[in-house]
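Peer 1: I have a structure here, written as C-alpha cells, and I will follow up with some questions on it.
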Amino acid sequence: MKKINYLFVITFVIILGVFNSCKNIKSSKYINIGMVDGWAEDVAMTHVVKAILDEQGYHIIIQKASTDMILASMNNEDTDLFLGVWLPYTHKTKIAKFPDLVDLGTNYDNGKIGLVIPDYVPVKSIEDLPKYEKQFKNRIIGIEKGAGMTSATDRAIIDYELNYRQINSSTIAMITELQNAIKRKEWIVVAAWQPHWMFGKMKLKFLDDPKKTFGEAEKIKTYSRKSFGKDHPELTRFFSKIYFDNKTMTDLLTKMEGSKDKETTAKEWVKDHPELVNSWLDKN
Amino acid sequence: MNKTIDIGQYIETAINWLTENAKPLFDVIKNIGNSSILGIEWALVNTPFYIIIILFTLLALWKAGKGTAIMTAAGLTVIFLMGFWKETMETLALIFVATLTALILSVPLGIWAAKNKFAAKIIRPLLDLMQTMPAFVYLIPAVLFFSIGKVPGAFATIIFAMPPAVRLTTLGIDSVPKDIVEAARAFGATNRQILFKVELPLATNTILAGINQTILLSLSMVVIAGMIAAGGLGEKVLEGINNLDIGLGFESGLSVVILAIILDRITQGFVKKKTAK
C-alpha cells in the first residue's frame with residue numbers, strides 16, 4: 001500500500017507541473033535568447049536586451065550554449081533569438097547551414113578578428129611572423145576548436161606559410177595565457193577579436209593582415225528563428241533598431257567586465273542611457 | 001587525414017533522417033519531458049527551503065541513520081547559505097526525471113538480458129558503447145532532436161547513466177541461486193510468479209546498487225548538460241570556468257559534491273536496510 005502512496009504523490013506533482021508549465025508555454029511573453037557565455041559582447045548585449053524587455057513585461061530566458069548549438073536550436077523553432085552572429089566572415093559557413101534563419105539587423109559594425117600581440121612586442125604584420133618564430137615559440141594561442149576564429153587562424157597559417165602551431169583550448173584559457181605572458185613581458189601572439197574587454201584592460205594591437213585572410217570590418221548581427229516575426233511582430237522592429245557605436249560598446253563592455261552581477265549592471269546601464277534605449281523602443 | 005571508411009557520414013545521415021521524420025515523436029517526448037521537469041522544479045523551488053531540508057533530513061534519518069541525517073541537514077544548509085538553492089533544486093529536478101526514466105527503461109532491459117542469452121549478446125556491446133563514448137558526443141544528437149534546454153540535457157544524462165542499472169539488474173537476477181528457482185517451479189509457480197515473487201525480491205539489493213550508480217552518474221553529467229542550457233548547478237560551474245571565477249566554480253562544484261554525497265548515502269541506506277532483515 002505504501003508504494004501506491006508514493007506513486008500517488010509523484011503523479012500528483014507531475015500533473016501539477018504539467019498544468020503549471022502549460023500556462024507558461026501558452027503565454028507568448030516568454031522569449032528565449034541564446035547566448036555564448038564568455039563572449040563579452042554577446043553577454044553584454046543579451047543582458048541589456050533582457051533588462052529592457054523585462055521592463056516591458058516580457059520574460060527573457062537566457063539559454064547558454066555554443067554557437068552551433070544555438071543555431072541548431074533556432075532552426076528547430078525553439079530558441080527565439082541570438083545576438084552574436086558575426087558576418088560576413090567569421091560565421092559565414094555556420095549560417096549557410098541554416099538558411100531559414102532570419103537576419104533582424106546589425107548591432108555593431110566595427111567588429112574585427114585577427115592575430116593580436118601585446119603592445120611592447122615590436123612586430124607589425126603577420127608577414128613578419130616567420131622572422132620571430134623562436135621568440136613566439138612557434139605558437140599561436142587560439143580559442144575553442146570549431147570556432148570561426150579558429151578556422152580563420154588555420155587559413156592564415158596556410159596563406160602566410162607560417163611555421164606555427166595553433167594551440168586551441170578556450171577563450172578564457174587564451175586570455176589567461178595572454179595575461180600571464182604580459183606579466184612576465186614575454187612574446188605571445190593570440191587569436192582575438194574586437195569588441196572585447198581585453199582591449200580595455202591590456203595594451204594590445206592587431207597585426208596587419210595584408211592578405212585579408214581575416215576579412216575586413218565585421219558586423220555583429222541579431223538572427224531569429226523563422227517565424228519569430230510572425231509571432232512577435234512588435235519586437236522585430238525593436239531588434240532591428242538595436243545598434244551600439246564604438247563608444248557605447250566600449251563603455252558597456254568595460255562596465256560588464258568588472259561586474260559580479262551582470263543583470264544588475266545591465267539594468268543600471270539601461271537607466272544611464274535613456275535616450276538610446278528609447279530610440280530603440282520608438283519612444284522619442 | 002584521408003578517410004577510407006566514413007562511418008561518421010552514415011551516422012550523420014541516420015541522425016538527419018530521424019530529425020526530419022521523427023519530429024512529431026520528438027516533440028511529444030519534449031513536451032512530456034519539459035512539463036515533468038518544470039513541474040518538479042516548480043514544486044521544489046516554491047516549497048520553502050526549510051521544509052525541503054527537513055524532509056530530506058527525515059528521509060536520511062529513516063533510511064541511513066543519525067550521522068547521515070546530520071550531514072544532510074548541514075550540507076543542504078551550506079548550499080542554501082552559499083546562494084545556490086534554486087540551482088540545486090533545478091539540478092535535483094533534472095536528475096530525478098532522468099534517473100526515473102533511466103530506471104523505467106533499464107530494469108526491464110536488464111531482466112530481458114538475464115532471461116534471453118541472445119538479447120544479452122546485443123545489449124552488452126550497446127552498454128559498452130553508451131558508457132565509454134565521451135559524454136560530450138551525446139550533446140549533438142540531443143540538440144538536433146530536442147534543441148537546447150532541459151530535455152536534451154536529460155536525454156544525454158539518461159544515455160550516460162543507464163548502463164549500470166541494466167548491468168546490475170542482469171547480475172542480480174543471474175545470481176539468484178538456481179535451486180531456489182527450481183524449488184519454486186516444483187511448487188508450480190509460473191514464469192511470471194518466479195520473476196516477481198522469487199527473482200526480483202532476491203535481486204533487489206543488487207538492483208538498488210545499480211540505481212545508486214545511476215543517480216551518481218546523472219550528477220556527473222550535470223556539468224556537461226549545462227553546456228546545452230540545461231540550467232542548474234552545471235550552468236554555474238560553466239559560468240565559473242568561462243569567466244575564470246575560481247570562487248564561483250569551486251562553490252558550485254562543492255554544491256554538486258554535497259548533493260551527490262547526500263543522494264548516495266540515502267540510496268545506500270535503502271540497500272543496507274534490506275540486508276539487515
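Chain labels run A, B, ... following the order of the C-alpha cells; each chain numbers its residues from 1, and ligands are numbered from 1 in the order shown.
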Name all residues at most 10 Å from A:Asp68 (count only C-alpha atoms; drop same-chain ones fewer than 3 positions away) and give them as a list of chain:residue names.
Peer 2: A:Ala65, A:Leu71, A:Ala72, A:Ser73, A:Met74, A:His91, A:Lys94, A:Ile95, A:Lys97, A:Gly146, A:Ala147, B:Ile140, B:Val143
Peer 1: List the spatial neighbours of B:Ile159 as a ChimeraX atom specification - criterion: any atom at most 12 Å away, only C-alpha atoms, same-chain residues fewer than 5 positions off excluded.
Peer 2: /B:98-99,101-103,105-106,126-139,141-142,152-154,164-166,214,217-218,221
Peer 1: Go ahead and save the picked residues with N, CA and C atoms, as a CSV table (one decimal), in the first residue's frame.
Peer 2:
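Produced file result.csv, reproduced below:
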chain,number,residue,atom,x,y,z
B,98,ALA,N,15.5,12.3,-15.0
B,98,ALA,CA,16.5,11.5,-15.8
B,98,ALA,C,16.6,10.1,-15.2
B,99,THR,N,16.8,10.0,-13.9
B,99,THR,CA,17.0,8.7,-13.2
B,99,THR,C,15.8,7.9,-13.3
B,101,THR,N,13.4,7.9,-15.5
B,101,THR,CA,13.3,7.4,-16.9
B,101,THR,C,14.3,6.3,-17.2
B,102,ALA,N,15.5,6.6,-16.7
B,102,ALA,CA,16.6,5.5,-16.9
B,102,ALA,C,16.2,4.2,-16.3
B,103,LEU,N,15.5,4.3,-15.1
B,103,LEU,CA,15.1,3.1,-14.4
B,103,LEU,C,14.0,2.4,-15.1
B,105,LEU,N,13.4,2.3,-18.1
B,105,LEU,CA,14.0,1.6,-19.3
B,105,LEU,C,14.9,0.5,-18.9
B,106,SER,N,15.7,0.7,-17.9
B,106,SER,CA,16.8,-0.2,-17.7
B,106,SER,C,16.5,-1.5,-16.9
B,126,LEU,N,26.1,-2.7,-26.6
B,126,LEU,CA,25.4,-1.4,-26.6
B,126,LEU,C,25.7,-0.7,-25.4
B,127,LEU,N,25.7,-1.4,-24.2
B,127,LEU,CA,26.0,-0.8,-23.0
B,127,LEU,C,27.5,-0.3,-22.9
B,128,ASP,N,28.4,-1.1,-23.5
B,128,ASP,CA,29.8,-0.6,-23.6
B,128,ASP,C,29.9,0.7,-24.3
B,129,LEU,N,29.2,0.7,-25.5
B,129,LEU,CA,29.2,1.9,-26.3
B,129,LEU,C,28.7,3.1,-25.5
B,130,MET,N,27.5,2.9,-24.8
B,130,MET,CA,26.9,4.0,-24.1
B,130,MET,C,27.8,4.6,-23.0
B,131,GLN,N,28.5,3.6,-22.3
B,131,GLN,CA,29.3,4.0,-21.2
B,131,GLN,C,30.6,4.7,-21.6
B,132,THR,N,31.2,4.2,-22.7
B,132,THR,CA,32.6,4.7,-23.0
B,132,THR,C,32.6,5.8,-24.0
B,133,MET,N,31.6,6.0,-24.8
B,133,MET,CA,31.6,7.1,-25.7
B,133,MET,C,31.7,8.4,-24.9
B,134,PRO,N,32.6,9.3,-25.3
B,134,PRO,CA,32.7,10.5,-24.5
B,134,PRO,C,31.4,11.2,-24.4
B,135,ALA,N,31.0,11.6,-23.2
B,135,ALA,CA,29.6,12.0,-22.9
B,135,ALA,C,29.3,13.3,-23.7
B,136,PHE,N,30.3,14.1,-24.1
B,136,PHE,CA,30.0,15.3,-24.9
B,136,PHE,C,29.4,15.0,-26.2
B,137,VAL,N,29.7,13.8,-26.8
B,137,VAL,CA,29.2,13.4,-28.1
B,137,VAL,C,27.7,13.4,-28.1
B,138,TYR,N,27.1,13.0,-27.0
B,138,TYR,CA,25.6,12.8,-26.9
B,138,TYR,C,24.9,14.2,-27.0
B,139,LEU,N,25.7,15.3,-26.8
B,139,LEU,CA,25.1,16.6,-26.9
B,139,LEU,C,24.6,16.9,-28.3
B,141,PRO,N,23.4,14.8,-31.0
B,141,PRO,CA,22.0,14.4,-31.3
B,141,PRO,C,21.0,15.0,-30.4
B,142,ALA,N,21.3,15.2,-29.1
B,142,ALA,CA,20.4,15.7,-28.2
B,142,ALA,C,19.9,17.1,-28.6
B,152,PRO,N,17.0,17.9,-23.7
B,152,PRO,CA,18.2,17.3,-24.3
B,152,PRO,C,19.2,17.0,-23.2
B,153,GLY,N,19.3,17.9,-22.1
B,153,GLY,CA,20.1,17.6,-21.0
B,153,GLY,C,19.8,16.3,-20.4
B,154,ALA,N,18.5,16.1,-20.2
B,154,ALA,CA,18.0,14.8,-19.5
B,154,ALA,C,18.3,13.6,-20.5
B,164,PRO,N,24.8,1.1,-15.8
B,164,PRO,CA,25.0,0.3,-14.6
B,164,PRO,C,23.7,-0.3,-14.1
B,165,ALA,N,22.6,0.4,-14.2
B,165,ALA,CA,21.3,-0.1,-13.7
B,165,ALA,C,21.0,-1.4,-14.5
B,166,VAL,N,21.2,-1.4,-15.9
B,166,VAL,CA,20.9,-2.5,-16.7
B,166,VAL,C,21.8,-3.7,-16.2
B,214,THR,N,23.3,4.9,-11.0
B,214,THR,CA,22.7,5.7,-12.0
B,214,THR,C,22.5,7.2,-11.5
B,217,LEU,N,26.0,8.9,-11.5
B,217,LEU,CA,26.4,9.2,-12.9
B,217,LEU,C,25.6,10.4,-13.4
B,218,SER,N,24.3,10.4,-13.1
B,218,SER,CA,23.5,11.6,-13.6
B,218,SER,C,24.1,12.9,-13.1
B,221,MET,N,26.9,14.1,-14.9
B,221,MET,CA,26.6,14.5,-16.3
B,221,MET,C,26.1,16.0,-16.2
Peer 1: Taking only C-alpha atoms into account and nothing else, which residues of chain B lie no more than 10 Å away from chain A? Please answer as a PyMOL selection string.
Peer 2: chain B and resi 19+23+31-44+139-140+142-149+225-231+235+238-245
Peer 1: Determine which residues of stretch 65-237 of chain B DSSP labels as alpha helix (DSSP H) from the backbone of this structure, then write them out as a ChimeraX atom specification.
Peer 2: /B:65-82,85-115,117-132,139-146,150-161,163-174,178-186,191-193,200-226,232-237
Peer 1: Would you pick out the contacts of A:Gly57 at 8 Å or less, using only C-alpha atoms, so that residues sharing its chain but fewer than 3 positions from it are not included, and give the list as a list in words?
Peer 2: Lys29, Leu53 and Asp54 of chain A
Peer 1: Leaving out A:Ile242 and any residue of its chain fewer than 5 positions from it, which residues lie within 10 Å of it when counting only C-alpha atoms, given as a list in words?
Peer 2: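 Near neighbours after the sequence-gap exclusion: Met45, Val49, Leu104, Gly105, Thr106, Asn107, Tyr108, Lys221, Thr222, Arg237, Leu276, Val277, Ser279, Trp280 and Leu281 of chain A.
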Peer 1: Between A:Ala266, A:Val48, A:Ile117, A:Ile157, single out the one closest to A:Lys211, counting only C-alpha atoms.
Peer 2: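 Closest to A:Lys211 of all the choices is A:Ile157.
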Peer 1: Show me, as a PDB file with N, CA, C and O atoms, in the first residue's frame, the residues that have an atom within 8 Å of stretch 72-76 of chain B when counting only C-alpha atoms, minus same-chain residues fewer than 3 positions from it.
Peer 2:
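As written to disk, out_20.pdb reads:
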ATOM      1  N   ILE B  53      14.655  20.850   3.432  1.00  0.00           N
ATOM      2  CA  ILE B  53      15.765  20.366   4.262  1.00  0.00           C
ATOM      3  C   ILE B  53      15.242  19.369   5.292  1.00  0.00           C
ATOM      4  O   ILE B  53      15.805  18.293   5.488  1.00  0.00           O
ATOM      5  N   ILE B  54      14.101  19.717   5.939  1.00  0.00           N
ATOM      6  CA  ILE B  54      13.537  18.819   6.955  1.00  0.00           C
ATOM      7  C   ILE B  54      13.150  17.479   6.332  1.00  0.00           C
ATOM      8  O   ILE B  54      13.470  16.407   6.865  1.00  0.00           O
ATOM      9  N   PHE B  56      14.313  15.989   3.623  1.00  0.00           N
ATOM     10  CA  PHE B  56      15.497  15.202   3.286  1.00  0.00           C
ATOM     11  C   PHE B  56      16.159  14.642   4.547  1.00  0.00           C
ATOM     12  O   PHE B  56      16.615  13.502   4.573  1.00  0.00           O
ATOM     13  N   THR B  57      16.200  15.471   5.600  1.00  0.00           N
ATOM     14  CA  THR B  57      16.821  15.013   6.843  1.00  0.00           C
ATOM     15  C   THR B  57      16.047  13.837   7.423  1.00  0.00           C
ATOM     16  O   THR B  57      16.636  12.848   7.872  1.00  0.00           O
ATOM     17  N   ALA B  60      16.759  10.780   5.470  1.00  0.00           N
ATOM     18  CA  ALA B  60      18.085  10.269   5.809  1.00  0.00           C
ATOM     19  C   ALA B  60      18.058   9.567   7.161  1.00  0.00           C
ATOM     20  O   ALA B  60      18.638   8.503   7.338  1.00  0.00           O
ATOM     21  N   THR B  68      24.164  10.426   8.844  1.00  0.00           N
ATOM     22  CA  THR B  68      23.790  10.936   7.538  1.00  0.00           C
ATOM     23  C   THR B  68      22.767  12.049   7.655  1.00  0.00           C
ATOM     24  O   THR B  68      22.812  13.032   6.907  1.00  0.00           O
ATOM     25  N   ALA B  69      21.836  11.899   8.601  1.00  0.00           N
ATOM     26  CA  ALA B  69      20.799  12.920   8.772  1.00  0.00           C
ATOM     27  C   ALA B  69      21.433  14.261   9.118  1.00  0.00           C
ATOM     28  O   ALA B  69      21.089  15.299   8.535  1.00  0.00           O
ATOM     29  N   ILE B  79      24.561  24.728   1.207  1.00  0.00           N
ATOM     30  CA  ILE B  79      24.177  25.078  -0.174  1.00  0.00           C
ATOM     31  C   ILE B  79      23.277  26.306  -0.154  1.00  0.00           C
ATOM     32  O   ILE B  79      23.466  27.252  -0.927  1.00  0.00           O
ATOM     33  N   PHE B  80      22.304  26.315   0.770  1.00  0.00           N
ATOM     34  CA  PHE B  80      21.383  27.459   0.836  1.00  0.00           C
ATOM     35  C   PHE B  80      22.149  28.742   1.164  1.00  0.00           C
ATOM     36  O   PHE B  80      21.954  29.778   0.539  1.00  0.00           O
ATOM     37  N   ILE B 258      28.128  17.955  -2.521  1.00  0.00           N
ATOM     38  CA  ILE B 258      27.250  17.766  -1.354  1.00  0.00           C
ATOM     39  C   ILE B 258      25.999  16.990  -1.764  1.00  0.00           C
ATOM     40  O   ILE B 258      25.603  16.016  -1.117  1.00  0.00           O
ATOM     41  N   LEU B 259      25.400  17.419  -2.877  1.00  0.00           N
ATOM     42  CA  LEU B 259      24.195  16.751  -3.362  1.00  0.00           C
ATOM     43  C   LEU B 259      24.483  15.273  -3.653  1.00  0.00           C
ATOM     44  O   LEU B 259      23.696  14.389  -3.286  1.00  0.00           O
ATOM     45  N   ILE B 262      24.818  13.263  -0.354  1.00  0.00           N
ATOM     46  CA  ILE B 262      23.523  13.054   0.292  1.00  0.00           C
ATOM     47  C   ILE B 262      22.728  11.968  -0.431  1.00  0.00           C
ATOM     48  O   ILE B 262      22.240  11.010   0.183  1.00  0.00           O
TER      49      ILE B 262
END
Peer 1: As a CSV table (one decimal) with N, CA and C atoms, in the first residue's frame, please: the residues near stretch 246-255 of chain A (cut-off 12 Å, only C-alpha atoms, same-chain neighbours under 2 positions excluded).
Peer 2:
chain,number,residue,atom,x,y,z
A,39,TRP,N,31.7,35.2,-24.3
A,39,TRP,CA,31.8,36.2,-25.4
A,39,TRP,C,31.3,37.5,-24.8
A,40,ALA,N,32.3,38.3,-24.4
A,40,ALA,CA,31.9,39.5,-23.7
A,40,ALA,C,30.8,40.3,-24.3
A,41,GLU,N,30.9,40.6,-25.7
A,41,GLU,CA,30.0,41.5,-26.3
A,41,GLU,C,28.6,40.8,-26.4
A,42,ASP,N,28.6,39.5,-26.6
A,42,ASP,CA,27.3,38.8,-26.7
A,42,ASP,C,26.6,38.8,-25.3
A,43,VAL,N,27.4,38.5,-24.3
A,43,VAL,CA,26.8,38.5,-22.9
A,43,VAL,C,26.3,39.9,-22.6
A,44,ALA,N,27.1,40.9,-22.9
A,44,ALA,CA,26.6,42.3,-22.6
A,44,ALA,C,25.4,42.7,-23.3
A,45,MET,N,25.3,42.5,-24.6
A,45,MET,CA,24.1,42.9,-25.4
A,45,MET,C,22.9,42.1,-25.0
A,46,THR,N,23.1,40.8,-24.7
A,46,THR,CA,21.9,39.9,-24.3
A,46,THR,C,21.4,40.4,-23.0
A,47,HIS,N,22.3,40.8,-22.0
A,47,HIS,CA,21.8,41.3,-20.7
A,47,HIS,C,21.1,42.6,-20.9
A,48,VAL,N,21.6,43.5,-21.7
A,48,VAL,CA,20.9,44.8,-21.9
A,48,VAL,C,19.5,44.5,-22.5
A,107,ASN,N,23.9,45.0,-34.9
A,107,ASN,CA,24.1,45.6,-33.6
A,107,ASN,C,25.3,46.4,-33.5
A,108,TYR,N,26.3,46.1,-34.3
A,108,TYR,CA,27.6,46.7,-34.2
A,108,TYR,C,28.3,46.5,-35.5
A,109,ASP,N,29.1,47.4,-36.0
A,109,ASP,CA,29.6,47.2,-37.3
A,109,ASP,C,31.1,47.4,-37.4
A,110,ASN,N,31.8,47.4,-36.2
A,110,ASN,CA,33.2,47.6,-36.3
A,110,ASN,C,34.0,46.4,-35.7
A,111,GLY,N,33.4,45.3,-35.8
A,111,GLY,CA,34.0,44.1,-35.3
A,111,GLY,C,35.2,43.7,-36.1
A,194,GLN,N,37.7,42.0,-31.6
A,194,GLN,CA,37.2,43.2,-31.0
A,194,GLN,C,35.7,43.4,-31.5
A,195,PRO,N,34.8,43.8,-30.7
A,195,PRO,CA,35.0,44.4,-29.3
A,195,PRO,C,35.2,43.3,-28.3
A,196,HIS,N,36.1,43.6,-27.3
A,196,HIS,CA,36.3,42.7,-26.2
A,196,HIS,C,36.9,43.5,-25.1
A,197,TRP,N,36.6,43.2,-23.8
A,197,TRP,CA,37.1,43.9,-22.7
A,197,TRP,C,38.6,43.8,-22.6
A,198,MET,N,39.2,42.8,-23.2
A,198,MET,CA,40.7,42.7,-23.0
A,198,MET,C,41.4,43.9,-23.6
A,199,PHE,N,40.8,44.5,-24.6
A,199,PHE,CA,41.4,45.7,-25.2
A,199,PHE,C,41.4,46.9,-24.2
A,200,GLY,N,40.4,46.9,-23.3
A,200,GLY,CA,40.3,48.0,-22.3
A,200,GLY,C,41.3,47.7,-21.2
A,201,LYS,N,41.5,46.4,-20.9
A,201,LYS,CA,42.3,46.0,-19.7
A,201,LYS,C,43.8,45.9,-20.0
A,202,MET,N,44.1,45.5,-21.2
A,202,MET,CA,45.6,45.4,-21.5
A,202,MET,C,45.9,46.2,-22.8
A,220,ILE,N,28.2,42.6,-36.3
A,220,ILE,CA,27.6,41.7,-35.4
A,220,ILE,C,26.1,41.8,-35.5
A,242,ILE,N,18.3,48.0,-32.6
A,242,ILE,CA,19.4,48.0,-31.6
A,242,ILE,C,20.7,48.2,-32.3
A,243,TYR,N,21.5,49.2,-31.9
A,243,TYR,CA,22.7,49.5,-32.5
A,243,TYR,C,23.7,50.1,-31.5
A,244,PHE,N,24.9,49.7,-31.4
A,244,PHE,CA,25.9,50.2,-30.5
A,244,PHE,C,27.0,50.8,-31.4
A,257,GLU,N,32.5,43.9,-17.6
A,257,GLU,CA,33.7,43.1,-17.3
A,257,GLU,C,33.9,43.1,-15.8
A,258,GLY,N,33.8,44.3,-15.1
A,258,GLY,CA,34.2,44.3,-13.7
A,258,GLY,C,33.0,43.9,-12.8
A,259,SER,N,31.9,43.5,-13.4
A,259,SER,CA,30.7,43.3,-12.5
A,259,SER,C,30.5,41.8,-12.2
A,260,LYS,N,30.1,41.6,-10.9
A,260,LYS,CA,29.8,40.3,-10.5
A,260,LYS,C,28.3,39.9,-10.9
A,261,ASP,N,27.5,40.9,-10.8
A,261,ASP,CA,26.1,40.7,-11.1
A,261,ASP,C,25.7,41.3,-12.4
A,262,LYS,N,25.8,40.6,-13.5
A,262,LYS,CA,25.6,41.2,-14.8
A,262,LYS,C,24.2,41.7,-15.0
A,263,GLU,N,23.2,41.1,-14.4
A,263,GLU,CA,21.8,41.6,-14.6
A,263,GLU,C,21.6,43.0,-14.1
A,264,THR,N,22.2,43.2,-12.9
A,264,THR,CA,22.0,44.5,-12.2
A,264,THR,C,22.8,45.5,-13.0
A,265,THR,N,24.0,45.2,-13.4
A,265,THR,CA,24.8,46.1,-14.2
A,265,THR,C,24.1,46.5,-15.4
A,266,ALA,N,23.5,45.6,-16.1
A,266,ALA,CA,22.8,45.9,-17.4
A,266,ALA,C,21.7,46.8,-17.1
A,267,LYS,N,20.9,46.5,-16.0
A,267,LYS,CA,19.8,47.4,-15.6
A,267,LYS,C,20.3,48.8,-15.4
A,268,GLU,N,21.4,49.0,-14.7
A,268,GLU,CA,21.9,50.3,-14.4
A,268,GLU,C,22.3,51.0,-15.7
A,269,TRP,N,23.0,50.2,-16.6
A,269,TRP,CA,23.4,50.8,-17.9
A,269,TRP,C,22.2,51.3,-18.7
A,270,VAL,N,21.2,50.5,-18.7
A,270,VAL,CA,20.0,50.9,-19.4
A,270,VAL,C,19.4,52.2,-18.8
A,272,ASP,N,21.1,54.5,-17.4
A,272,ASP,CA,22.0,55.6,-17.7
A,272,ASP,C,22.0,56.0,-19.1
A,273,HIS,N,21.3,55.3,-20.0
A,273,HIS,CA,21.3,55.6,-21.4
A,273,HIS,C,19.8,55.7,-21.9
A,276,LEU,N,19.2,56.6,-25.9
A,276,LEU,CA,19.5,55.5,-26.8
A,276,LEU,C,18.4,54.4,-26.7
A,277,VAL,N,18.1,54.0,-25.5
A,277,VAL,CA,17.2,52.9,-25.3
A,277,VAL,C,15.8,53.3,-25.8
Peer 1: Have a look at atom CA of A:Trp86 and atom CA of A:Asn163 and let me know their distance in Å, one decimal.
Peer 2: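 Separation of atom CA of A:Trp86 and atom CA of A:Asn163: 28.2 Å.
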Peer 1: Considering only C-alpha atoms, return as a PyMOL selection string whatever protein or nucleic-acid residues lie within 12 Å of A:Ile113, sequence-local ones (same chain, fewer than 5 positions apart) excluded.
Peer 2: chain A and resi 86-91+142+147-153+156+190-196+205-209+212-220
Peer 1: Rank B:Phe160, B:Phe49, B:Phe270, B:Phe250 by their smallest atom-to-atom distance to B:Trp85, using only C-alpha atoms, and report the top residue only.
Peer 2: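 For B:Trp85, the nearest of the candidates is B:Phe49.
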Peer 1: If you run DSSP on the backbone here, which positions in stretch 25-162 of chain A get strand (DSSP E)? Please write them as an NGL selection string.
Peer 2: :A and (30-35 or 59-64 or 81-87 or 102-118 or 139-141)
Peer 1: Restricting the calculation to only C-alpha atoms, which member of B:Phe187, B:Gly8, B:Leu58, B:Val151 is positioned closest to B:Asp27?
Peer 2: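 Ranking B:Phe187, B:Gly8, B:Leu58, B:Val151 by distance to B:Asp27, first place goes to B:Val151.
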Peer 1: Using Å and a single decimal, report how far atom CA of B:Ala113 sits from atom CA of B:Thr157.
Peer 2: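 Distance between the two atoms: 22.0 Å.
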Peer 1: At what distance in Å, to one decimal, does atom CA of B:Leu208 lie from atom CA of B:Val176?
Peer 2: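 Between these atoms lies a distance of 15.2 Å.
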Peer 1: Using only C-alpha atoms, which of B:Gly253, B:Gly172, B:Pro48, B:Gly247 sits nearest B:Thr206?
Peer 2: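 Of all the options, B:Gly172 lies closest to B:Thr206.
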